[in-house]
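To start, the structure under review is shown below, and the notes come after it.
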Amino acid sequence: MTYSTNEMMTVAAARRLGNGSVCFVGIGLPSKAANLARLTHAPDVVLIYESGPIGAKPSVLPLSIGDGELAETADTVVPTGEIFRYWLQGGRIDVGFLGAAQVDKYGNINTTVIGDYHKPKVRLPGAGGAPEIAGSAKKVLIILKQSHRTFVDKLAFITSVGHGEGGDHRKRLGLPGAGPVAIITDLCIMEPEAGTHEFIVTALHPGVTREQVIENTGWQIRFADQLAVTEAPTETELVALRDLEARTAAAHGQLGGEE
Amino acid sequence: MTYSTNEMMTVAAARRLGNGSVCFVGIGLPSKAANLARLTHAPDVVLIYESGPIGAKPSVLPLSIGDGELAETADTVVPTGEIFRYWLQGGRIDVGFLGAAQVDKYGNINTTVIGDYHKPKVRLPGAGGAPEIAGSAKKVLIILKQSHRTFVDKLAFITSVGHGEGGDHRKRLGLPGAGPVAIITDLCIMEPEAGTHEFIVTALHPGVTREQVIENTGWQIRFADQLAVTEAPTETELVALRDLEARTAAAHGQLGGEE
Amino acid sequence: MAEILTLREAVQRFVNDGDTVALEGFTHLIPTAASHELIRQGKKDLTLVRMTPDLVYDLLIGAGCAKKLIFSWGGNPGVGSLHRLRDAVEKGWPQPLEIEEHSHADLANAYVAGASGLPFAVLRAYAGSDLPKVNPLIKSVTCPFTGEVLAAVPSVRPDVTVIHAQKADRKGNVLIQGILGVQKEAALAAKRAIVTVEEIVDDLKAPMNACVLPTWALAAVCLVPGGAHPSYAHGYSERDNRFYQDWDPIARSRESFTAWIDAFIRGTADFSEYKAKLAAQEAK
Amino acid sequence: MAEILTLREAVQRFVNDGDTVALEGFTHLIPTAASHELIRQGKKDLTLVRMTPDLVYDLLIGAGCAKKLIFSWGGNPGVGSLHRLRDAVEKGWPQPLEIEEHSHADLANAYVAGASGLPFAVLRAYAGSDLPKVNPLIKSVTCPFTGEVLAAVPSVRPDVTVIHAQKADRKGNVLIQGILGVQKEAALAAKRAIVTVEEIVDDLKAPMNACVLPTWALAAVCLVPGGAHPSYAHGYSERDNRFYQDWDPIARSRESFTAWIDAFIRGTADFSEYKAKLAAQEAK
């Protein structure tokens with residue numbers, strides 16, 4: 001089956017979620033990938049949304065972080081304060097699944113502002129739940145489309161920390177979680193290099209060239225010695241993804257939030 | 001109707017609870033008096049028990065602070081942590097209604113130990129909810145039977161503060177609530193004297209003499225210039241109290257906790 | 001005891017110019033009708049607190065009711081920017097807007113601390129983030145047992161909180177079900193809490209451990225069916241996704257925004273008239 | 001994921017000598033069966049945490065399982081003293097018992113902090129009380145915004161928490177209803193949580209905002225009907241007031257206590273045999 005680069009990105013991200021893992025899900029691309037995982041290889045993945053549902057099993061993608069179907073299909077729905085206090089800060093989240101407006105080579109995330117904070121070129125929505133997800137989840141997955149504008153050499157603003165300035169900086173900050181372990185894009189998968197914690201490309205999606213990745217990265221991106229090629233989406237994965245999107249479109253009259 | 005000194009005590013305590021006031025209720029005598037108030041002049045008094053029920057309306061007296069009937073008749077039942085955090089510390093309790101093993105002339109309460117803490121003569125149950133009820137309720141009522149052993153000159157241990165060392169000591173401690181405004185016993189009612197905050201007798205129950213009170217008080221008790229006589233229990237009050245106790249005995253096979 | 005009032009009366013009596021106001025509801029039960037009424041009554045100089053200032057605050061900011069915004073995620077969810085918020089921050093229209101920016105975990109904890117009568121909240125947050133550099137109210141505190149340094153943030157204690165809920169009984173006890181967000185904490189953290197509800201019933205029929213706000217913890221309860229539109233009220237209405245999208249072109253220019261609020265908010269007497277006018281327009 | 005185990009297996013696998021153990025339940029759902037099983041297995045040197053150490057800890061202390069007790073109210077509710085607790089504190093029988101004493105508000109906040117992954121809790125407490133003089137773990141912290149001095153207490157983080165609940169589903173998700181106490185927080189504050197339940201069902205049928213502990217937050221779920229006796233399980237059983245009174249003479253002397261646990265606990269294989277033996281005795 002043919003597939004789009006966006007589909008490849010979603011499928012590659014979904015595969016990183018182990019069955020039974022407890023996942024704190026951001027809205028948009030993370031939510032789509034997490035639900036695809038649940039509908040394919042990880043039926044027992046536990047999805048937690050910051051609005052309060054624990055163990056949500058939506059049949060269509062939520063348009064907002066607090067859709068009613070998340071509540072109806074969850075094991076329980078708790079107050080938002082409890083989600084952040086008992087479940088995230090309490091150390092019970094295996095995977096924090098985040099989107100981003102921009103990332104840098106250490107997996108730091110900017111969702112606040114482009115340009116000067118007080119005189120912004122572009123004002124982004126802000127932190128939301130991300131800083132503490134990035135800090136306290138046992139590990140973090142980041143999913144976003146790759147371009148020169150989104151993969152930048154120096155962030156104007158670090159909203160949510162990844163590996164900070166690299167090396168053991170994250171450890172020195174005293175953060176409990178391991179930080180970002182992969183960035184999944186429409187072109188490739190990046191993982192932190194041992195020691196430096198700089199993100200390097202460890203797998204190219206099928207048909208993607210090194211040059212394409214270099215062109216679409218704002219820093220001097222490096223490639224792993226053992227560069228893999230991502231397995232193309234299987235028919236099972238694609239059918240599950242497209243069915244999910246079709247159900248979502250039918251239910252909401254629009255696609256699941258991609259903001 | 002004839003009545004016992006215990007009945008007088010319960011009725012006199014019940015009368016201090018205004019209709020519509022929000023009352024944090026200790027088990028035993030406070031619970032009996034608070035429910036009597038609810039069944040007589042204060043139908044809209046709101047009873048909160050530390051186990052979690054808010055707005056409990058039990059038809060019989062609870063034997064424990066967490067009886068099922070408290071939950072069934074409450075407007076809602078919240079976790080114990082929330083009771084102490086949102087409702088007591090949050091400043092929403094009008095009246096903290098406490099029992100005590102011992103009190104002193106400033107309304108300080110001991111429920112911890114008689115004798116040395118590390119080599120106790122009598123080991124009492126401990127603090128329970130009282131220290132923070134005494135600190136944070138807008139005002140406090142204390143109910144206990146009067147004797148030389150319970151009304152003492154110097155407490156071996158201050159579990160829950162009243163007016164501390166008297167005067168403006170409580171204010172200097174930075175406590176939000178006004179502290180104890182009355183001690184209701186089987187002999188009399190004591191209230192803090194303006195300025196010193198020493199408890200003095202402001203009303204004798206019918207038939208009780210000053211000498212009886214003096215004999216049963218471990219400090220040099222003083223009497224207000226305008227010493228009142230408590231109104232005897234009305235028939236309505238006594239019938240309500242006895243019916244409540246009869247229902248309790250029938251339901252539990254014993255009287256409501258008087259520990 | 002909550003008084004059962006019209007929303008107009010409740011806003012008149014309990015919201016003053018210059019107040020700190022929290023309109024809470026986390027994508028569910030957003031108290032939109034209250035926002036409209038604040039605009040109709042021309043409330044001024046409000047400090048607005050809300051984790052997710054979406055349409056409900058874009059409205060208040062564009063209408064000139066706000067001098068300051070305390071928030072943690074500002075956008076039109078699933079659509080894009082809040083144009084009125086950006087115009088106020090970037091261009092000072094219709095008046096300058098001071099912003100104080102936090103994370104969700106911070107504000108959620110700050111509401112919990114407010115409800116708990118504490119002056120500050122402690123949380124493990126912000127290490128490595130630039131937010132403390134631009135928000136001097138994010139401080140730290142050291143654990144006296146372990147030496148760990150944690151974030152300390154001021155509690156939120158609004159003058160007024162407004163929330164929307166499914167139902168109240170005739171005494172004013174309120175039941176909230178489904179996505180609870182921070183509404184209970186926001187209501188209990190406030191000096192005065194107003195709740196708009198879908199319906200008023202004889203008996204809440206609340207499960208034993210449900211989220212119930214007792215009447216004596218509230219200032220007013222107002223019957224405003226549909227008052228959370230375009231968000232939803234679980235069991236009563238669906239989210240109006242279309243409206244979130246339609247909002248984008250309305251709010252994009254000062255002119256179209258002003259025309260819209262003049263017609264739909266200032267030009268209607270109350271929320272039910274607004275709903276009728278909106279329905280008439282959509283039927284066209 | 002919680003494993004569905006017998007209580008014997010769960011205690012064998014998840015409780016070690018020397019552990020800090022919390023058996024929680026606030027007059028409702030007290031996990032008595034777990035206390036029995038700890039005695040049967042002869043667990044030693046436990047640090048016991050519990051707001052209200054009533055019969056369930058009098059048992060463990062008298063049986064020699066405990067070296068330390070952390071608590072806030074110790075008594076046989078409605079009856080009087082805990083004789084085994086007093087004998088251990090005052091006479092060191094069967095072994096000395098260290099005590100660490102708090103207030104309810106303190107321990108409830110300490111469980112909340114433990115569940116929240118924080119090393120300490122902040123509360124407005126103890127001003128004017130002598131408790132901080134005898135408990136050096138009650139410290140203070142100063143609000144960096146207002147300067148107010150508040151109490152700081154260490155969070156409770158048990159190695160194992162055991163609670164009793166009404167029901168679990170076959171995956172091990174647990175529903176608690178009625179008086180909730182601090183059980184959810186105690187379970188989430190612990191490294192390992194064991195839940196005994198009245199029944200295991202196909203579907204919890206939990207209301208949307210009910211107190212549910214998801215299976216993946218628990219170590220084990222054990223079917224032990226009546227396991228909270230003499231306390232009650234709302235919807236399943238009544239409080240056995242008589243047993244609280246009967247306990248007083250049993251626990252009053254070392255001999256009668258030892259005879260009782262030899263016969264009823266060490267002399268029975270599990271809780272159902274215990275229940276049968278108790279019923280046979282009461283029928284006499």
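Ligands are numbered from 1 in the order shown, residues from 1 within each chain, and chains are lettered A, B, ... in the order they appear in the structure tokens.
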Name all residues at most 7 Å from range 94-110 of chain B (count only C-alpha atoms; drop same-chain ones fewer than 6 positions away) and give them as a ChimeraX atom specification.
-> /B:21-26,29-30,133-134,137-144,150-155,157-166,180,197-199
Chain B fitted onto chain A, all C-alpha pairs in order, as a tab-separated table (two decimals) with C-alpha atoms, in the first residue's frame:
```tsv
chain	number	residue	atom	x	y	z
B	1	MET	CA	-0.01	0.01	-0.01
B	2	THR	CA	1.19	3.53	-0.67
B	3	TYR	CA	1.25	5.91	2.23
B	4	SER	CA	1.99	9.53	3.03
B	5	THR	CA	4.94	10.85	4.99
B	6	ASN	CA	2.51	11.90	7.72
B	7	GLU	CA	1.21	8.36	7.92
B	8	MET	CA	4.77	7.07	8.17
B	9	MET	CA	5.43	9.50	11.00
B	10	THR	CA	2.33	8.46	12.93
B	11	VAL	CA	2.99	4.75	12.45
B	12	ALA	CA	6.66	5.08	13.43
B	13	ALA	CA	5.68	6.99	16.56
B	14	ALA	CA	2.96	4.51	17.47
B	15	ARG	CA	5.44	1.64	17.31
B	16	ARG	CA	7.53	3.19	20.08
B	17	LEU	CA	4.74	2.70	22.63
B	18	GLY	CA	5.08	-0.64	24.37
B	19	ASN	CA	1.98	-2.63	25.24
B	20	GLY	CA	0.93	-2.00	28.82
B	21	SER	CA	2.92	1.18	29.14
B	22	VAL	CA	1.32	4.16	30.79
B	23	CYS	CA	1.32	7.11	28.43
B	24	PHE	CA	0.60	10.77	29.15
B	25	VAL	CA	-0.80	11.95	25.84
B	26	GLY	CA	-0.68	15.41	24.31
B	27	ILE	CA	-3.48	16.39	21.92
B	28	GLY	CA	-2.94	16.23	18.17
B	29	LEU	CA	-0.21	14.05	16.69
B	30	PRO	CA	0.72	12.32	19.98
B	31	SER	CA	-2.91	11.44	20.59
B	32	LYS	CA	-3.26	10.03	17.09
B	33	ALA	CA	-0.11	7.93	17.39
B	34	ALA	CA	-0.98	6.71	20.88
B	35	ASN	CA	-4.45	5.64	19.83
B	36	LEU	CA	-3.05	3.92	16.76
B	37	ALA	CA	-0.72	1.97	19.04
B	38	ARG	CA	-3.70	1.00	21.20
B	39	LEU	CA	-5.62	-0.18	18.14
B	40	THR	CA	-2.71	-2.22	16.78
B	41	HIS	CA	0.16	-3.77	18.74
B	42	ALA	CA	-0.50	-2.25	22.19
B	43	PRO	CA	-4.10	-2.97	23.19
B	44	ASP	CA	-3.27	-2.54	26.87
B	45	VAL	CA	-1.47	0.79	26.61
B	46	VAL	CA	-2.92	3.13	29.25
B	47	LEU	CA	-3.74	6.59	27.91
B	48	ILE	CA	-3.86	9.48	30.34
B	49	TYR	CA	-4.99	12.94	29.22
B	50	GLU	CA	-4.23	16.01	31.32
B	51	SER	CA	-7.91	16.90	31.52
B	52	GLY	CA	-8.46	13.91	33.82
B	53	PRO	CA	-9.30	10.63	32.03
B	54	ILE	CA	-7.17	7.65	33.04
B	55	GLY	CA	-7.27	4.68	30.69
B	56	ALA	CA	-9.20	6.40	27.90
B	57	LYS	CA	-10.12	4.18	24.94
B	58	PRO	CA	-11.74	6.53	22.44
B	59	SER	CA	-13.11	5.02	19.22
B	60	VAL	CA	-12.50	8.31	17.41
B	61	LEU	CA	-9.77	10.88	17.93
B	62	PRO	CA	-10.59	13.62	20.40
B	63	LEU	CA	-10.73	17.14	19.03
B	64	SER	CA	-9.88	18.59	22.39
B	65	ILE	CA	-7.90	17.36	25.35
B	66	GLY	CA	-11.17	17.02	27.27
B	67	ASP	CA	-13.61	15.40	24.84
B	68	GLY	CA	-16.54	13.57	26.39
B	69	GLU	CA	-15.60	10.29	24.79
B	70	LEU	CA	-12.33	10.27	26.71
B	71	ALA	CA	-14.34	10.44	29.92
B	72	GLU	CA	-16.87	7.83	28.84
B	73	THR	CA	-14.29	5.25	27.87
B	74	ALA	CA	-11.85	5.84	30.73
B	75	ASP	CA	-11.40	3.63	33.78
B	76	THR	CA	-11.93	6.75	35.86
B	77	VAL	CA	-11.86	10.53	35.46
B	78	VAL	CA	-10.04	12.52	38.13
B	79	PRO	CA	-9.51	16.25	38.61
B	80	THR	CA	-6.79	17.88	36.53
B	81	GLY	CA	-4.84	18.77	39.66
B	82	GLU	CA	-4.72	15.10	40.60
B	83	ILE	CA	-3.47	14.12	37.13
B	84	PHE	CA	-0.46	16.35	37.56
B	85	ARG	CA	0.08	15.61	41.26
B	86	TYR	CA	-0.61	11.91	41.85
B	87	TRP	CA	-0.06	10.48	38.41
B	88	LEU	CA	2.62	12.56	36.68
B	89	GLN	CA	4.63	13.99	39.58
B	90	GLY	CA	3.92	10.78	41.50
B	91	GLY	CA	6.18	9.00	39.03
B	92	ARG	CA	3.55	6.75	37.43
B	93	ILE	CA	3.95	7.79	33.79
B	94	ASP	CA	6.12	5.55	31.64
B	95	VAL	CA	5.98	7.66	28.49
B	96	GLY	CA	5.25	11.33	28.00
B	97	PHE	CA	4.19	11.81	24.40
B	98	LEU	CA	4.65	15.38	23.24
B	99	GLY	CA	4.29	17.52	20.17
B	100	ALA	CA	6.28	20.72	19.77
B	101	ALA	CA	6.48	23.90	17.77
B	102	GLN	CA	10.29	23.73	17.76
B	103	VAL	CA	13.01	21.43	19.08
B	104	ASP	CA	16.75	21.78	19.30
B	105	LYS	CA	19.54	19.21	19.07
B	106	TYR	CA	19.15	18.27	22.73
B	107	GLY	CA	15.44	17.67	22.49
B	108	ASN	CA	14.53	20.87	24.30
B	109	ILE	CA	11.11	22.14	23.26
B	110	ASN	CA	9.78	25.60	22.55
B	111	THR	CA	6.04	26.16	22.54
B	112	THR	CA	6.12	29.69	23.96
B	113	VAL	CA	7.50	32.29	21.63
B	114	ILE	CA	9.62	32.92	18.54
B	115	GLY	CA	11.74	36.03	18.89
B	116	ASP	CA	12.06	38.01	22.08
B	117	TYR	CA	9.66	37.01	24.85
B	118	HIS	CA	8.58	40.60	25.42
B	119	LYS	CA	8.46	41.54	21.73
B	120	PRO	CA	7.58	38.27	20.05
B	121	LYS	CA	7.80	37.59	16.36
B	122	VAL	CA	5.35	34.76	16.81
B	123	ARG	CA	3.49	34.17	20.01
B	124	LEU	CA	2.83	30.43	20.50
B	125	PRO	CA	0.23	29.00	22.90
B	126	GLY	CA	2.59	28.46	25.83
B	127	ALA	CA	3.60	25.66	28.11
B	128	GLY	CA	0.44	23.68	28.84
B	129	GLY	CA	1.37	20.45	30.53
B	130	ALA	CA	4.64	19.94	28.69
B	131	PRO	CA	7.32	21.24	31.12
B	132	GLU	CA	6.35	18.82	33.85
B	133	ILE	CA	5.65	15.95	31.45
B	134	ALA	CA	9.14	16.51	30.05
B	135	GLY	CA	10.52	16.56	33.59
B	136	SER	CA	8.71	13.73	35.33
B	137	ALA	CA	7.69	11.08	32.77
B	138	LYS	CA	10.10	8.15	32.87
B	139	LYS	CA	10.83	8.82	29.22
B	140	VAL	CA	9.60	11.20	26.55
B	141	LEU	CA	8.73	10.75	22.89
B	142	ILE	CA	8.49	13.81	20.66
B	143	ILE	CA	6.59	13.82	17.39
B	144	LEU	CA	6.62	16.68	14.92
B	145	LYS	CA	7.04	17.43	11.23
B	146	GLN	CA	10.57	18.25	10.26
B	147	SER	CA	11.66	21.53	8.73
B	148	HIS	CA	14.24	24.23	9.08
B	149	ARG	CA	11.72	26.24	11.07
B	150	THR	CA	10.91	23.48	13.54
B	151	PHE	CA	14.34	21.88	14.05
B	152	VAL	CA	16.43	24.85	15.09
B	153	ASP	CA	19.98	25.35	16.23
B	154	LYS	CA	19.10	27.61	19.11
B	155	LEU	CA	15.68	27.96	20.64
B	156	ALA	CA	14.49	31.46	21.45
B	157	PHE	CA	12.83	29.99	24.51
B	158	ILE	CA	13.09	26.64	26.25
B	159	THR	CA	9.59	25.85	27.42
B	160	SER	CA	10.20	22.20	28.29
B	161	VAL	CA	13.61	20.79	28.90
B	162	GLY	CA	15.02	17.80	27.06
B	163	HIS	CA	18.69	17.15	27.68
B	164	GLY	CA	19.38	20.82	28.41
B	165	GLU	CA	22.85	21.70	27.21
B	166	GLY	CA	23.63	18.05	26.56
B	167	GLY	CA	25.96	15.67	28.36
B	168	ASP	CA	24.87	15.13	31.94
B	169	HIS	CA	23.10	18.47	32.15
B	170	ARG	CA	19.70	16.91	32.61
B	171	LYS	CA	21.00	14.79	35.45
B	172	ARG	CA	22.52	17.83	37.10
B	173	LEU	CA	19.14	19.54	36.95
B	174	GLY	CA	17.87	16.79	39.22
B	175	LEU	CA	15.06	15.74	36.92
B	176	PRO	CA	13.56	12.35	37.75
B	177	GLY	CA	12.79	11.17	34.21
B	178	ALA	CA	15.23	10.11	31.50
B	179	GLY	CA	14.05	12.81	29.11
B	180	PRO	CA	13.42	12.45	25.37
B	181	VAL	CA	14.50	9.10	23.95
B	182	ALA	CA	13.30	9.69	20.40
B	183	ILE	CA	12.08	12.37	18.04
B	184	ILE	CA	9.86	10.95	15.36
B	185	THR	CA	9.35	13.08	12.25
B	186	ASP	CA	7.91	12.67	8.80
B	187	LEU	CA	11.45	12.01	7.52
B	188	CYS	CA	13.27	10.02	10.15
B	189	ILE	CA	13.78	8.93	13.71
B	190	MET	CA	16.35	10.68	15.87
B	191	GLU	CA	17.73	9.35	19.13
B	192	PRO	CA	20.14	10.88	21.63
B	193	GLU	CA	23.75	9.90	21.17
B	194	ALA	CA	25.26	8.20	24.21
B	195	GLY	CA	27.32	10.67	26.24
B	196	THR	CA	26.55	13.91	24.41
B	197	HIS	CA	22.77	13.39	24.38
B	198	GLU	CA	22.71	15.18	21.05
B	199	PHE	CA	19.97	13.90	18.79
B	200	ILE	CA	21.28	12.08	15.74
B	201	VAL	CA	19.40	10.28	13.01
B	202	THR	CA	19.21	6.57	13.71
B	203	ALA	CA	16.68	5.62	11.06
B	204	LEU	CA	15.51	7.15	7.79
B	205	HIS	CA	11.99	6.50	6.64
B	206	PRO	CA	11.86	4.54	3.36
B	207	GLY	CA	12.82	6.68	0.37
B	208	VAL	CA	14.09	9.58	2.45
B	209	THR	CA	17.66	10.74	1.76
B	210	ARG	CA	20.25	12.13	4.11
B	211	GLU	CA	20.18	15.32	2.09
B	212	GLN	CA	16.48	15.79	2.74
B	213	VAL	CA	17.06	15.47	6.44
B	214	ILE	CA	20.02	17.86	6.38
B	215	GLU	CA	18.01	20.41	4.43
B	216	ASN	CA	15.20	20.25	6.90
B	217	THR	CA	17.26	20.52	10.05
B	218	GLY	CA	18.47	23.82	11.47
B	219	TRP	CA	21.56	22.37	13.09
B	220	GLN	CA	24.38	20.30	11.64
B	221	ILE	CA	22.57	17.04	11.96
B	222	ARG	CA	24.64	13.89	12.28
B	223	PHE	CA	23.76	10.32	11.36
B	224	ALA	CA	24.38	7.16	13.31
B	225	ASP	CA	27.07	4.83	12.05
B	226	GLN	CA	24.48	2.10	11.84
B	227	LEU	CA	21.74	4.00	10.05
B	228	ALA	CA	18.58	1.95	9.78
B	229	VAL	CA	15.67	2.29	7.43
B	230	THR	CA	12.31	2.44	9.11
B	231	GLU	CA	10.03	-0.44	8.23
B	232	ALA	CA	7.29	0.86	5.96
B	233	PRO	CA	3.80	0.95	7.43
B	234	THR	CA	2.16	-2.44	7.24
B	235	GLU	CA	-1.26	-2.88	5.76
B	236	THR	CA	-2.60	-3.56	9.24
B	237	GLU	CA	-1.17	-0.31	10.53
B	238	LEU	CA	-2.40	1.75	7.60
B	239	VAL	CA	-5.87	0.28	7.68
B	240	ALA	CA	-6.14	0.90	11.39
B	241	LEU	CA	-4.92	4.49	11.00
B	242	ARG	CA	-7.19	5.28	8.07
B	243	ASP	CA	-10.19	3.70	9.75
B	244	LEU	CA	-9.49	5.77	12.84
B	245	GLU	CA	-9.28	8.94	10.77
B	246	ALA	CA	-12.41	8.05	8.83
B	247	ARG	CA	-14.35	7.40	12.05
B	248	THR	CA	-13.07	10.69	13.41
B	249	ALA	CA	-14.10	12.62	10.32
B	250	ALA	CA	-17.53	11.00	10.37
B	251	ALA	CA	-18.03	11.75	14.05
B	252	HIS	CA	-16.69	15.27	14.18
B	253	GLY	CA	-16.92	16.50	10.62
B	254	GLN	CA	-13.18	17.11	10.81
B	255	LEU	CA	-9.94	15.33	11.37
B	256	GLY	CA	-8.57	14.77	14.85
B	257	GLY	CA	-6.77	17.85	16.07
B	258	GLU	CA	-3.40	18.31	14.41
B	259	GLU	CA	-2.58	21.69	15.91
```
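Residue nearest chain B within the list D:Lys139, D:His229, D:His83, D:Arg13: D:His83 [criterion: smallest interatomic distance, only C-alpha atoms].
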Starting from chain D, keep only residues with some atom at most 9 Å from an atom of chain C, counting only C-alpha atoms, and report them as a PyMOL selection string.
-> chain D and resi 116-124+137+139-146+148+150+152-154+177-180+207-211
Which residues of chain D are close to chain A, meaning at most 12 Å apart when you count only C-alpha atoms, and how do they look as JSON, numbers by chain?
-> {"D": [1, 2, 111, 112, 113, 114, 115, 116, 117, 118, 119, 157, 169, 171, 172, 173, 174, 175, 176, 184, 185, 186, 187, 188, 189, 190, 191, 203, 204, 205, 206, 207, 208, 209, 210, 211, 212, 213, 214, 215, 216, 217, 218]}
Got a sec to tell me which of range 59-275 of chain D DSSP assigns to helix (DSSP H, G or I), as a VMD selection string?
-> chain D and resid 59 to 62 83 to 91 104 to 115 131 to 134 183 to 189 215 to 217 241 to 252 254 to 264 271 to 275
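Near range 96-105 of chain D, within 6 Å and counting only C-alpha atoms, sit B:Phe84, B:Ala127, B:Gly128, B:Gly129, D:Lys67, D:Lys68, D:Leu69, D:Ile70, D:Phe71, D:Ser72, D:Ala88, D:Val89, D:Gly92, D:Ala108; same-chain residues fewer than 3 positions away were not included.
In this model, the gap between CA of Asp240 in chain D and CA of Ala283 in chain D comes to 15.1 Å.
Across the model, the gap from CA of Leu82 in chain D to CA of Asp58 in chain D is 6.1 Å.
All residues of range 71-145 of chain C that DSSP, run on the backbone, classes as strand (DSSP E) are C:Phe71, C:Glu98, C:Ile99, C:Glu100, C:Glu101, C:Phe120, C:Ala121, C:Val122, C:Leu123, C:Lys139, C:Ser140, C:Val141, C:Thr142.
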Counting only C-alpha atoms, what is within 10 Å of range 241-256 of chain D, bar same-chain residues fewer than 3 positions away, as number ranges by chain?
-> B: 63-64, 252-254; D: 54-55, 58-59, 62-63, 76-87, 93-94, 229-232, 238, 259-262
